[in-house]
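Asks: mmCIF, C-alpha atoms, file entry.cif:
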```
data_model
loop_
_atom_site.group_PDB
_atom_site.id
_atom_site.type_symbol
_atom_site.label_atom_id
_atom_site.label_comp_id
_atom_site.auth_asym_id
_atom_site.auth_seq_id
_atom_site.Cartn_x
_atom_site.Cartn_y
_atom_site.Cartn_z
ATOM 1 C CA MET E 1 178.425 66.456 2.862
ATOM 2 C CA SER E 2 178.105 66.971 6.603
ATOM 3 C CA GLN E 3 178.946 70.247 8.340
ATOM 4 C CA VAL E 4 181.954 68.542 10.003
ATOM 5 C CA ASP E 5 183.310 67.414 6.647
ATOM 6 C CA LEU E 6 182.932 70.899 5.146
ATOM 7 C CA SER E 7 184.631 72.448 8.170
ATOM 8 C CA ASP E 8 187.589 70.086 7.684
ATOM 9 C CA VAL E 9 187.772 70.993 3.985
ATOM 10 C CA VAL E 10 187.798 74.720 4.817
ATOM 11 C CA ARG E 11 190.633 74.186 7.318
ATOM 12 C CA GLN E 12 192.640 72.206 4.744
ATOM 13 C CA ARG E 13 192.123 74.945 2.153
ATOM 14 C CA ILE E 14 193.292 77.648 4.555
ATOM 15 C CA ARG E 15 196.404 75.650 5.481
ATOM 16 C CA GLY E 16 197.068 74.714 1.844
ATOM 17 C CA LEU E 17 196.782 78.297 0.578
ATOM 18 C CA ARG E 18 199.011 79.543 3.382
ATOM 19 C CA GLN E 19 201.669 76.897 2.677
ATOM 20 C CA ALA E 20 201.461 77.444 -1.098
ATOM 21 C CA ARG E 21 202.409 81.064 -0.508
ATOM 22 C CA GLY E 22 205.281 80.010 1.742
ATOM 23 C CA TRP E 23 203.814 81.843 4.727
ATOM 24 C CA SER E 24 204.291 80.843 8.331
ATOM 25 C CA LEU E 25 201.415 80.968 10.804
ATOM 26 C CA ASP E 26 202.861 84.244 12.114
ATOM 27 C CA SER E 27 202.970 85.724 8.614
ATOM 28 C CA LEU E 28 199.319 84.901 7.847
ATOM 29 C CA ALA E 29 198.274 85.962 11.344
ATOM 30 C CA ALA E 30 199.792 89.410 10.750
ATOM 31 C CA ARG E 31 197.983 89.718 7.401
ATOM 32 C CA CYS E 32 194.538 88.797 8.743
ATOM 33 C CA HIS E 33 194.905 90.280 12.267
ATOM 34 C CA ILE E 34 194.208 86.963 13.985
ATOM 35 C CA GLY E 35 196.603 85.682 16.640
ATOM 36 C CA ALA E 36 199.011 82.954 15.458
ATOM 37 C CA SER E 37 197.892 80.600 18.243
ATOM 38 C CA THR E 38 194.233 81.135 17.291
ATOM 39 C CA LEU E 39 195.098 80.530 13.642
ATOM 40 C CA SER E 40 196.953 77.334 14.592
ATOM 41 C CA ARG E 41 193.892 76.082 16.514
ATOM 42 C CA ILE E 42 191.652 76.936 13.545
ATOM 43 C CA GLU E 43 193.891 74.999 11.131
ATOM 44 C CA THR E 44 194.099 71.952 13.418
ATOM 45 C CA GLY E 45 190.363 71.877 14.177
ATOM 46 C CA HIS E 46 190.676 72.809 17.828
ATOM 47 C CA ARG E 47 188.709 76.028 17.294
ATOM 48 C CA ARG E 48 185.635 76.890 15.256
ATOM 49 C CA ILE E 49 186.017 79.462 12.514
ATOM 50 C CA ASP E 50 183.874 82.536 13.093
ATOM 51 C CA LEU E 51 182.419 84.344 10.088
ATOM 52 C CA ASP E 52 184.495 87.477 10.709
ATOM 53 C CA GLN E 53 187.642 85.303 10.864
ATOM 54 C CA LEU E 54 186.658 83.573 7.623
ATOM 55 C CA VAL E 55 186.221 86.956 5.921
ATOM 56 C CA ALA E 56 189.632 88.125 7.172
ATOM 57 C CA LEU E 57 191.326 84.860 6.111
ATOM 58 C CA ALA E 58 189.754 84.922 2.631
ATOM 59 C CA HIS E 59 190.904 88.525 2.148
ATOM 60 C CA ALA E 60 194.444 87.816 3.417
ATOM 61 C CA LEU E 61 194.737 84.699 1.209
ATOM 62 C CA ASP E 62 193.454 86.635 -1.849
ATOM 63 C CA THR E 63 190.469 84.337 -2.345
ATOM 64 C CA THR E 64 186.739 84.451 -1.645
ATOM 65 C CA ILE E 65 184.603 82.930 1.070
ATOM 66 C CA ASP E 66 182.777 81.007 -1.687
ATOM 67 C CA HIS E 67 186.033 79.319 -2.711
ATOM 68 C CA LEU E 68 186.882 78.457 0.875
ATOM 69 C CA VAL E 69 183.493 76.911 1.674
ATOM 70 C CA GLU E 70 182.690 75.339 -1.711
ATOM 71 C CA PRO E 71 181.603 71.746 -1.017
ATOM 72 C CA ILE E 72 183.335 68.782 -2.609
ATOM 73 C CA ASP E 73 181.098 66.630 -4.766
ATOM 74 C CA ASP E 74 182.192 63.723 -6.973
ATOM 75 C CA ALA E 75 179.714 64.886 -9.618
ATOM 76 C CA ASP E 76 181.776 68.082 -9.929
ATOM 77 C CA VAL E 77 184.965 66.083 -10.483
ATOM 78 C CA ILE E 78 184.147 63.447 -13.091
ATOM 79 C CA ILE E 79 183.479 64.615 -16.644
ATOM 80 C CA ARG E 80 181.860 62.219 -19.072
ATOM 81 C CA PRO E 81 182.491 63.898 -22.403
ATOM 82 C CA VAL E 82 179.988 63.651 -25.205
ATOM 83 C CA ARG E 83 181.288 63.155 -28.727
ATOM 84 C CA HIS E 84 180.498 65.920 -31.223
ATOM 85 C CA GLN E 85 181.112 64.873 -34.811
ATOM 86 C CA GLU E 86 181.332 66.638 -38.155
ATOM 87 C CA VAL E 87 183.145 65.772 -41.393
ATOM 88 C CA GLY E 88 186.778 65.024 -40.571
ATOM 89 C CA LEU E 89 186.546 66.164 -36.950
ATOM 90 C CA THR E 90 185.411 64.534 -33.707
ATOM 91 C CA THR E 91 185.540 66.612 -30.519
ATOM 92 C CA TRP E 92 185.219 65.646 -26.858
ATOM 93 C CA VAL E 93 185.033 68.618 -24.463
ATOM 94 C CA LEU E 94 187.047 67.684 -21.357
ATOM 95 C CA SER E 95 186.310 70.651 -19.099
ATOM 96 C CA ARG E 96 183.085 72.141 -17.856
ATOM 97 C CA ASP E 97 182.835 75.879 -17.696
ATOM 98 C CA ALA E 98 185.555 77.990 -19.255
ATOM 99 C CA ALA E 99 184.676 80.852 -16.903
ATOM 100 C CA GLN E 100 185.708 78.708 -13.915
ATOM 101 C CA HIS E 101 189.073 77.848 -15.475
ATOM 102 C CA GLY E 102 190.555 81.219 -16.288
ATOM 103 C CA GLY E 103 188.444 81.449 -19.425
ATOM 104 C CA ARG E 104 189.985 78.328 -20.976
ATOM 105 C CA LEU E 105 188.332 75.202 -22.341
ATOM 106 C CA VAL E 106 190.072 71.835 -22.871
ATOM 107 C CA ALA E 107 189.073 69.342 -25.574
ATOM 108 C CA LYS E 108 190.358 66.219 -27.266
ATOM 109 C CA MET E 109 190.042 66.227 -31.057
ATOM 110 C CA ARG E 110 190.427 63.502 -33.647
ATOM 111 C CA ILE E 111 191.060 64.974 -37.080
ATOM 112 C CA THR E 112 191.069 62.964 -40.306
ATOM 113 C CA PRO E 113 192.260 64.028 -43.770
ATOM 114 C CA GLU E 114 188.623 64.647 -44.796
ATOM 115 C CA ARG E 115 188.578 67.872 -42.777
ATOM 116 C CA ARG E 116 188.794 70.961 -44.986
ATOM 117 C CA THR E 117 191.999 72.783 -44.070
ATOM 118 C CA GLY E 118 194.597 74.880 -45.799
ATOM 119 C CA PRO E 119 194.527 78.330 -47.362
ATOM 120 C CA GLY E 120 190.826 78.088 -48.315
ATOM 121 C CA GLY E 121 189.645 77.090 -44.852
ATOM 122 C CA LEU E 122 191.490 79.441 -42.508
ATOM 123 C CA ALA E 123 189.602 80.944 -39.568
ATOM 124 C CA VAL E 124 190.288 84.197 -37.736
ATOM 125 C CA HIS E 125 188.750 85.148 -34.400
ATOM 126 C CA PRO E 126 189.824 86.856 -31.179
ATOM 127 C CA GLY E 127 191.598 84.594 -28.747
ATOM 128 C CA TRP E 128 194.379 82.129 -28.186
ATOM 129 C CA GLU E 129 194.829 78.395 -28.788
ATOM 130 C CA TRP E 130 197.265 75.715 -27.665
ATOM 131 C CA PHE E 131 197.426 72.050 -28.640
ATOM 132 C CA THR E 132 199.652 69.016 -28.271
ATOM 133 C CA VAL E 133 199.670 65.978 -30.552
ATOM 134 C CA LEU E 134 198.812 62.696 -28.848
ATOM 135 C CA SER E 135 199.136 60.506 -31.963
ATOM 136 C CA GLY E 136 199.603 60.995 -35.691
ATOM 137 C CA THR E 137 200.910 64.177 -37.284
ATOM 138 C CA ALA E 138 199.034 67.468 -37.382
ATOM 139 C CA VAL E 139 199.459 70.098 -40.047
ATOM 140 C CA LEU E 140 198.972 73.653 -38.792
ATOM 141 C CA TYR E 141 198.245 76.344 -41.328
ATOM 142 C CA LEU E 142 199.131 79.636 -39.696
ATOM 143 C CA GLY E 143 198.925 82.611 -42.020
ATOM 144 C CA GLU E 144 201.297 81.904 -44.910
ATOM 145 C CA ARG E 145 203.068 79.120 -43.024
ATOM 146 C CA ARG E 146 202.434 75.383 -43.094
ATOM 147 C CA LEU E 147 203.850 73.659 -40.009
ATOM 148 C CA THR E 148 203.894 69.964 -39.101
ATOM 149 C CA VAL E 149 203.462 69.050 -35.445
ATOM 150 C CA GLY E 150 204.379 65.495 -34.438
ATOM 151 C CA PRO E 151 203.546 63.320 -31.423
ATOM 152 C CA GLY E 152 204.637 64.932 -28.163
ATOM 153 C CA GLU E 153 205.090 68.344 -29.803
ATOM 154 C CA ALA E 154 202.878 71.336 -29.070
ATOM 155 C CA ALA E 155 201.858 74.581 -30.761
ATOM 156 C CA GLU E 156 200.594 77.831 -29.281
ATOM 157 C CA PHE E 157 199.309 80.800 -31.277
ATOM 158 C CA SER E 158 197.042 83.823 -31.415
ATOM 159 C CA THR E 159 193.828 82.994 -33.221
ATOM 160 C CA MET E 160 193.872 86.451 -34.792
ATOM 161 C CA ILE E 161 196.331 84.850 -37.242
ATOM 162 C CA PRO E 162 194.378 82.996 -39.963
ATOM 163 C CA HIS E 163 194.661 79.332 -38.990
ATOM 164 C CA SER E 164 193.432 75.769 -39.369
ATOM 165 C CA ILE E 165 194.553 72.370 -38.064
ATOM 166 C CA GLY E 166 194.452 69.270 -40.213
ATOM 167 C CA ALA E 167 195.766 65.717 -40.356
ATOM 168 C CA LEU E 168 198.836 64.697 -42.330
ATOM 169 C CA GLY E 169 198.882 61.199 -43.808
ATOM 170 C CA GLY E 170 196.148 59.780 -41.568
ATOM 171 C CA PRO E 171 194.173 60.540 -38.422
ATOM 172 C CA VAL E 172 195.683 62.760 -35.748
ATOM 173 C CA GLU E 173 194.559 63.102 -32.133
ATOM 174 C CA ILE E 174 195.269 66.318 -30.270
ATOM 175 C CA LEU E 175 194.602 67.720 -26.840
ATOM 176 C CA THR E 176 193.717 71.379 -27.237
ATOM 177 C CA MET E 177 193.039 74.345 -25.009
ATOM 178 C CA PHE E 178 191.421 77.567 -26.124
ATOM 179 C CA ASP E 179 189.957 80.609 -24.446
ATOM 180 C CA GLN E 180 186.287 81.655 -24.428
ATOM 181 C CA ASP E 181 186.575 83.463 -27.773
ATOM 182 C CA GLY E 182 188.046 80.315 -29.309
ATOM 183 C CA GLU E 183 185.331 78.173 -27.715
ATOM 184 C CA ARG E 184 182.656 80.422 -29.217
ATOM 185 C CA ALA E 185 184.302 80.361 -32.657
ATOM 186 C CA HIS E 186 184.653 76.553 -32.643
ATOM 187 C CA ALA E 187 180.995 76.153 -31.647
ATOM 188 C CA GLU E 188 179.817 78.585 -34.338
ATOM 189 C CA SER E 189 181.911 76.967 -37.067
ATOM 190 C CA SER E 190 180.463 73.538 -36.256
ATOM 191 C CA GLY E 191 176.912 74.838 -36.076
ATOM 192 C CA ALA E 192 176.373 73.627 -32.516
ATOM 193 C CA ALA E 193 178.012 74.142 -29.163
ATOM 194 C CA PRO E 194 179.731 71.004 -27.856
ATOM 195 C CA SER E 195 178.094 69.688 -24.710
ATOM 196 C CA THR E 196 179.364 67.717 -21.746
ATOM 197 C CA GLU E 197 175.871 66.784 -20.582
#
```
Take the structure in the file and give it back as structure tokens.
Replies:
Amino acid sequence: MSQVDLSDVVRQRIRGLRQARGWSLDSLAARCHIGASTLSRIETGHRRIDLDQLVALAHALDTTIDHLVEPIDDADVIIRPVRHQEVGLTTWVLSRDAAQHGGRLVAKMRITPERRTGPGGLAVHPGWEWFTVLSGTAVLYLGERRLTVGPGEAAEFSTMIPHSIGALGGPVEILTMFDQDGERAHAESSGAAPSTE
């Protein structure tokens, strides 16, 4: 990416963050101690952004300079998930680094009735999990409860409650999100960490 392109991206990010907060030019100018007319020229590309101005803008917008100047690269956008398979469960990890996404990882799972679930196969680990059913019917064992979750429905729970997810009457496909503790537990239970490479 050329320097001009990156400069335009930085300007768009500054304007976008300001507008997302509902701030006028005057409001942001007061927060970062840059004149509103100077800020307007920065946003429209009629003035270069000095490093000290970038520092002040990042601080006022509650972000970092790294986030403001991070280049855009198509390779960072497209994810080509790799299938990880075990008995009764196929997983495709759909996000890269949980640390970059608030500690959460997204995956698509296809579960078949062969997967061991129920009272004998409940897992407990620190964390949180959420899933929605794309097709089929999931059965969620959560402590003493057995819940069915149909297409378009979702479930959210603490993974400190003994739990497992299975398929009811045929394959089920879910889109799931779990935090870093859940990611670690899923990788350990399968014997290998899922990879997106």
Asks: Can you tell me, as JSON, the centre and edge lengths (Å, one decimal) of the axis-aligned box enclosing all of range 111-115 of chain E's listed atoms after padding each side by 8 Å?
Replies:
```
{"center_x": 190.4, "center_y": 65.4, "center_z": -40.9, "size_x": 19.7, "size_y": 20.9, "size_z": 23.7}
```
Asks: Apply the PyMOL selection byres ((chain E and resi 63-73) around 9) to the displayed file and report the matching residues as a ChimeraX atom specification.
Replies: /E:1,5-7,9-11,13-14,54-55,57-62,74-77
Asks: For a test of reading the model, state the distance in Å between CA of Ser158 in chain E and CA of Arg80 in chain E, rounded to one decimal.
Replies: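 Taking CA of Ser158 in chain E as the start and CA of Arg80 in chain E as the end point, the length is 29.1 Å.
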Asks: Hey, what comes out of the PyMOL selection byres ((chain E and resi 167) around 7) on this file? Could you write it as a ChimeraX atom specification?
Replies: /E:111-113,137-139,166,168-172
Asks: What gap, in Å, lies between CA of Phe178 in chain E and CA of Ala20 in chain E?
Replies: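 Distance reported for this atom pair: 27.0 Å.
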Asks: Compare E:Val149, E:Gly120, E:Arg47, E:Ile174 by their minimum atom-to-atom distance to Ser135 in chain E, counting only C-alpha atoms, and give me the closest one.
Replies: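 Of E:Val149, E:Gly120, E:Arg47, E:Ile174, the one nearest Ser135 in chain E is E:Ile174, counting only C-alpha atoms.
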Asks: Find the spatial neighbours of range 40-46 of chain E, counting only C-alpha atoms, within a cut-off of 8 Å - ignore same-chain residues fewer than 2 positions away - and output them as a PDB file with C-alpha atoms, in the coordinates of the input.
Replies:
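The result, written out as selection.pdb:
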```
ATOM      1  CA  ASP E   8     187.589  70.086   7.684  1.00  0.00           C
ATOM      2  CA  ARG E  11     190.633  74.186   7.318  1.00  0.00           C
ATOM      3  CA  GLN E  12     192.640  72.206   4.744  1.00  0.00           C
ATOM      4  CA  ILE E  14     193.292  77.648   4.555  1.00  0.00           C
ATOM      5  CA  ARG E  15     196.404  75.650   5.481  1.00  0.00           C
ATOM      6  CA  LEU E  25     201.415  80.968  10.804  1.00  0.00           C
ATOM      7  CA  ALA E  36     199.011  82.954  15.458  1.00  0.00           C
ATOM      8  CA  SER E  37     197.892  80.600  18.243  1.00  0.00           C
ATOM      9  CA  THR E  38     194.233  81.135  17.291  1.00  0.00           C
ATOM     10  CA  ARG E  48     185.635  76.890  15.256  1.00  0.00           C
ATOM     11  CA  ILE E  49     186.017  79.462  12.514  1.00  0.00           C
TER      12      ILE E  49
END
```
Asks: Compare E:Glu129, E:Glu114, E:Glu86, E:Glu144 by their minimum atom-to-atom distance to Met177 in chain E, counting all atoms listed in the file, and give me the closest one.
Replies: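 With all atoms listed in the file as the atom set, the closest residue is E:Glu129.
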Asks: Tell me which protein, DNA and RNA residues are within 9 Å of Gly152 in chain E, counting all atoms listed in the file, leaving out same-chain ones fewer than 5 positions away, and put them as a list in words.
Replies: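 Neighbouring residues, sequence-local ones excluded: Thr132, Val133, Leu134 and Ser135 of chain E.
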Asks: What's the separation between CA of Tyr141 in chain E and CA of Glu153 in chain E, in Å to one decimal place?
Replies: 15.6 Å
Asks: Rank E:Ile161, E:Gly127, E:Gly121, E:Leu89 by their smallest atom-to-atom distance to Glu173 in chain E, using all atoms listed in the file, and report the top residue only.
Replies: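 Distance minimum relative to Glu173 in chain E lands on E:Leu89.
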Asks: I would like the residues chosen by the PyMOL selection byres ((chain E and resi 81) around 7) on the shown file; could you give them as a VMD selection string?
Replies: chain E and resid 79 to 80 82 to 83 92 to 94 196
Asks: Tell me, as a PDB file with C-alpha atoms, in the frame of the given file, which residues lie within 8 Å of Ala123 in chain E, counting all atoms listed in the file; anything in the same chain fewer than 5 positions away does not count.
Replies:
```pdb
ATOM      1  CA  THR E 159     193.828  82.994 -33.221  1.00  0.00           C
ATOM      2  CA  PRO E 162     194.378  82.996 -39.963  1.00  0.00           C
ATOM      3  CA  HIS E 163     194.661  79.332 -38.990  1.00  0.00           C
ATOM      4  CA  SER E 164     193.432  75.769 -39.369  1.00  0.00           C
TER       5      SER E 164
END
```
Asks: Looking at only C-alpha atoms, which of E:Arg104, E:Pro126, E:Leu142, E:Pro119 is the one that sits closest to Asp179 in chain E?
Replies: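 Checking each candidate against Asp179 in chain E, we get E:Arg104 as the closest.
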Asks: Got a moment to write range 75-186 of chain E out with C-alpha atoms, as an mmCIF file, in the first residue's frame?
Replies:
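To be explicit, this is the file written out as part12.cif:
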```cif
data_model
loop_
_atom_site.group_PDB
_atom_site.id
_atom_site.type_symbol
_atom_site.label_atom_id
_atom_site.label_comp_id
_atom_site.auth_asym_id
_atom_site.auth_seq_id
_atom_site.Cartn_x
_atom_site.Cartn_y
_atom_site.Cartn_z
ATOM 1 C CA ALA E 75 -4.727 -11.310 3.101
ATOM 2 C CA ASP E 76 -5.837 -10.041 6.524
ATOM 3 C CA VAL E 77 -9.488 -10.063 5.452
ATOM 4 C CA ILE E 78 -10.101 -13.415 3.779
ATOM 5 C CA ILE E 79 -10.041 -16.525 5.961
ATOM 6 C CA ARG E 80 -9.801 -19.907 4.302
ATOM 7 C CA PRO E 81 -10.751 -22.254 7.113
ATOM 8 C CA VAL E 82 -9.189 -25.668 7.401
ATOM 9 C CA ARG E 83 -11.407 -28.571 8.397
ATOM 10 C CA HIS E 84 -10.530 -30.323 11.662
ATOM 11 C CA GLN E 85 -12.280 -33.660 12.050
ATOM 12 C CA GLU E 86 -12.827 -36.128 14.871
ATOM 13 C CA VAL E 87 -15.553 -38.710 15.520
ATOM 14 C CA GLY E 88 -18.929 -36.997 15.205
ATOM 15 C CA LEU E 89 -17.501 -33.479 14.961
ATOM 16 C CA THR E 90 -16.092 -31.363 12.134
ATOM 17 C CA THR E 91 -14.848 -27.863 12.969
ATOM 18 C CA TRP E 92 -13.907 -24.919 10.755
ATOM 19 C CA VAL E 93 -12.321 -21.993 12.631
ATOM 20 C CA LEU E 94 -13.678 -18.787 11.062
ATOM 21 C CA SER E 95 -11.616 -16.163 12.880
ATOM 22 C CA ARG E 96 -7.901 -15.670 13.239
ATOM 23 C CA ASP E 97 -6.599 -14.575 16.580
ATOM 24 C CA ALA E 98 -8.931 -14.522 19.555
ATOM 25 C CA ALA E 99 -6.742 -11.888 21.218
ATOM 26 C CA GLN E 100 -7.549 -9.442 18.398
ATOM 27 C CA HIS E 101 -11.299 -10.002 18.753
ATOM 28 C CA GLY E 102 -11.948 -9.327 22.407
ATOM 29 C CA GLY E 103 -10.702 -12.787 23.321
ATOM 30 C CA ARG E 104 -13.379 -14.552 21.262
ATOM 31 C CA LEU E 105 -13.044 -17.186 18.556
ATOM 32 C CA VAL E 106 -15.719 -18.032 15.954
ATOM 33 C CA ALA E 107 -16.149 -21.489 14.412
ATOM 34 C CA LYS E 108 -18.623 -23.467 12.354
ATOM 35 C CA MET E 109 -19.268 -26.998 13.615
ATOM 36 C CA ARG E 110 -21.019 -29.969 12.071
ATOM 37 C CA ILE E 111 -22.053 -32.465 14.727
ATOM 38 C CA THR E 112 -23.417 -35.936 13.992
ATOM 39 C CA PRO E 113 -25.089 -38.392 16.385
ATOM 40 C CA GLU E 114 -21.794 -40.328 16.651
ATOM 41 C CA ARG E 115 -20.363 -37.624 18.915
ATOM 42 C CA ARG E 116 -20.260 -38.700 22.562
ATOM 43 C CA THR E 117 -22.507 -36.331 24.503
ATOM 44 C CA GLY E 118 -24.771 -36.476 27.501
ATOM 45 C CA PRO E 119 -24.143 -36.960 31.205
ATOM 46 C CA GLY E 120 -21.009 -39.087 30.642
ATOM 47 C CA GLY E 121 -19.328 -36.612 28.314
ATOM 48 C CA LEU E 122 -19.812 -33.244 30.001
ATOM 49 C CA ALA E 123 -16.915 -30.779 30.028
ATOM 50 C CA VAL E 124 -16.201 -28.001 32.514
ATOM 51 C CA HIS E 125 -13.683 -25.217 31.958
ATOM 52 C CA PRO E 126 -13.410 -21.484 32.612
ATOM 53 C CA GLY E 127 -15.078 -19.333 30.010
ATOM 54 C CA TRP E 128 -18.201 -18.606 28.049
ATOM 55 C CA GLU E 129 -19.797 -20.035 24.901
ATOM 56 C CA TRP E 130 -22.519 -18.971 22.485
ATOM 57 C CA PHE E 131 -23.921 -20.812 19.476
ATOM 58 C CA THR E 132 -26.733 -20.595 16.958
ATOM 59 C CA VAL E 133 -28.153 -23.493 14.952
ATOM 60 C CA LEU E 134 -27.838 -23.134 11.187
ATOM 61 C CA SER E 135 -29.516 -26.453 10.305
ATOM 62 C CA GLY E 136 -30.739 -29.541 12.129
ATOM 63 C CA THR E 137 -31.471 -29.681 15.846
ATOM 64 C CA ALA E 138 -28.846 -29.469 18.570
ATOM 65 C CA VAL E 139 -29.177 -31.017 21.990
ATOM 66 C CA LEU E 140 -27.434 -29.057 24.741
ATOM 67 C CA TYR E 141 -26.647 -30.844 27.964
ATOM 68 C CA LEU E 142 -26.157 -28.172 30.592
ATOM 69 C CA GLY E 143 -25.722 -29.521 34.096
ATOM 70 C CA GLU E 144 -28.837 -31.563 34.874
ATOM 71 C CA ARG E 145 -30.781 -30.052 31.979
ATOM 72 C CA ARG E 146 -31.240 -31.352 28.448
ATOM 73 C CA LEU E 147 -32.265 -28.578 26.050
ATOM 74 C CA THR E 148 -33.099 -28.762 22.342
ATOM 75 C CA VAL E 149 -32.042 -25.845 20.159
ATOM 76 C CA GLY E 150 -33.623 -25.619 16.703
ATOM 77 C CA PRO E 151 -32.701 -23.760 13.508
ATOM 78 C CA GLY E 152 -32.461 -20.012 14.063
ATOM 79 C CA GLU E 153 -32.349 -20.407 17.853
ATOM 80 C CA ALA E 154 -29.288 -19.634 19.955
ATOM 81 C CA ALA E 155 -27.866 -20.599 23.342
ATOM 82 C CA GLU E 156 -25.428 -18.771 25.595
ATOM 83 C CA PHE E 157 -23.912 -20.174 28.786
ATOM 84 C CA SER E 158 -21.008 -20.198 31.207
ATOM 85 C CA THR E 159 -18.700 -23.102 30.486
ATOM 86 C CA MET E 160 -18.178 -23.555 34.220
ATOM 87 C CA ILE E 161 -21.511 -25.418 34.038
ATOM 88 C CA PRO E 162 -20.883 -29.024 32.918
ATOM 89 C CA HIS E 163 -21.914 -29.064 29.259
ATOM 90 C CA SER E 164 -21.849 -30.788 25.887
ATOM 91 C CA ILE E 165 -23.503 -30.182 22.509
ATOM 92 C CA GLY E 166 -24.796 -33.016 20.379
ATOM 93 C CA ALA E 167 -27.032 -33.701 17.394
ATOM 94 C CA LEU E 168 -30.654 -34.775 17.693
ATOM 95 C CA GLY E 169 -32.027 -37.063 14.991
ATOM 96 C CA GLY E 170 -29.323 -36.313 12.416
ATOM 97 C CA PRO E 171 -26.500 -33.895 11.671
ATOM 98 C CA VAL E 172 -26.626 -30.374 13.065
ATOM 99 C CA GLU E 173 -24.591 -27.372 11.926
ATOM 100 C CA ILE E 174 -23.902 -24.569 14.372
ATOM 101 C CA LEU E 175 -22.045 -21.294 14.357
ATOM 102 C CA THR E 176 -20.313 -20.929 17.703
ATOM 103 C CA MET E 177 -18.314 -18.313 19.541
ATOM 104 C CA PHE E 178 -16.199 -18.956 22.601
ATOM 105 C CA ASP E 179 -13.585 -17.072 24.557
ATOM 106 C CA GLN E 180 -9.883 -17.955 24.850
ATOM 107 C CA ASP E 181 -10.483 -20.390 27.722
ATOM 108 C CA GLY E 182 -13.098 -22.173 25.621
ATOM 109 C CA GLU E 183 -10.771 -22.200 22.607
ATOM 110 C CA ARG E 184 -8.040 -23.805 24.713
ATOM 111 C CA ALA E 185 -10.439 -26.401 26.143
ATOM 112 C CA HIS E 186 -11.811 -27.327 22.696
#
```
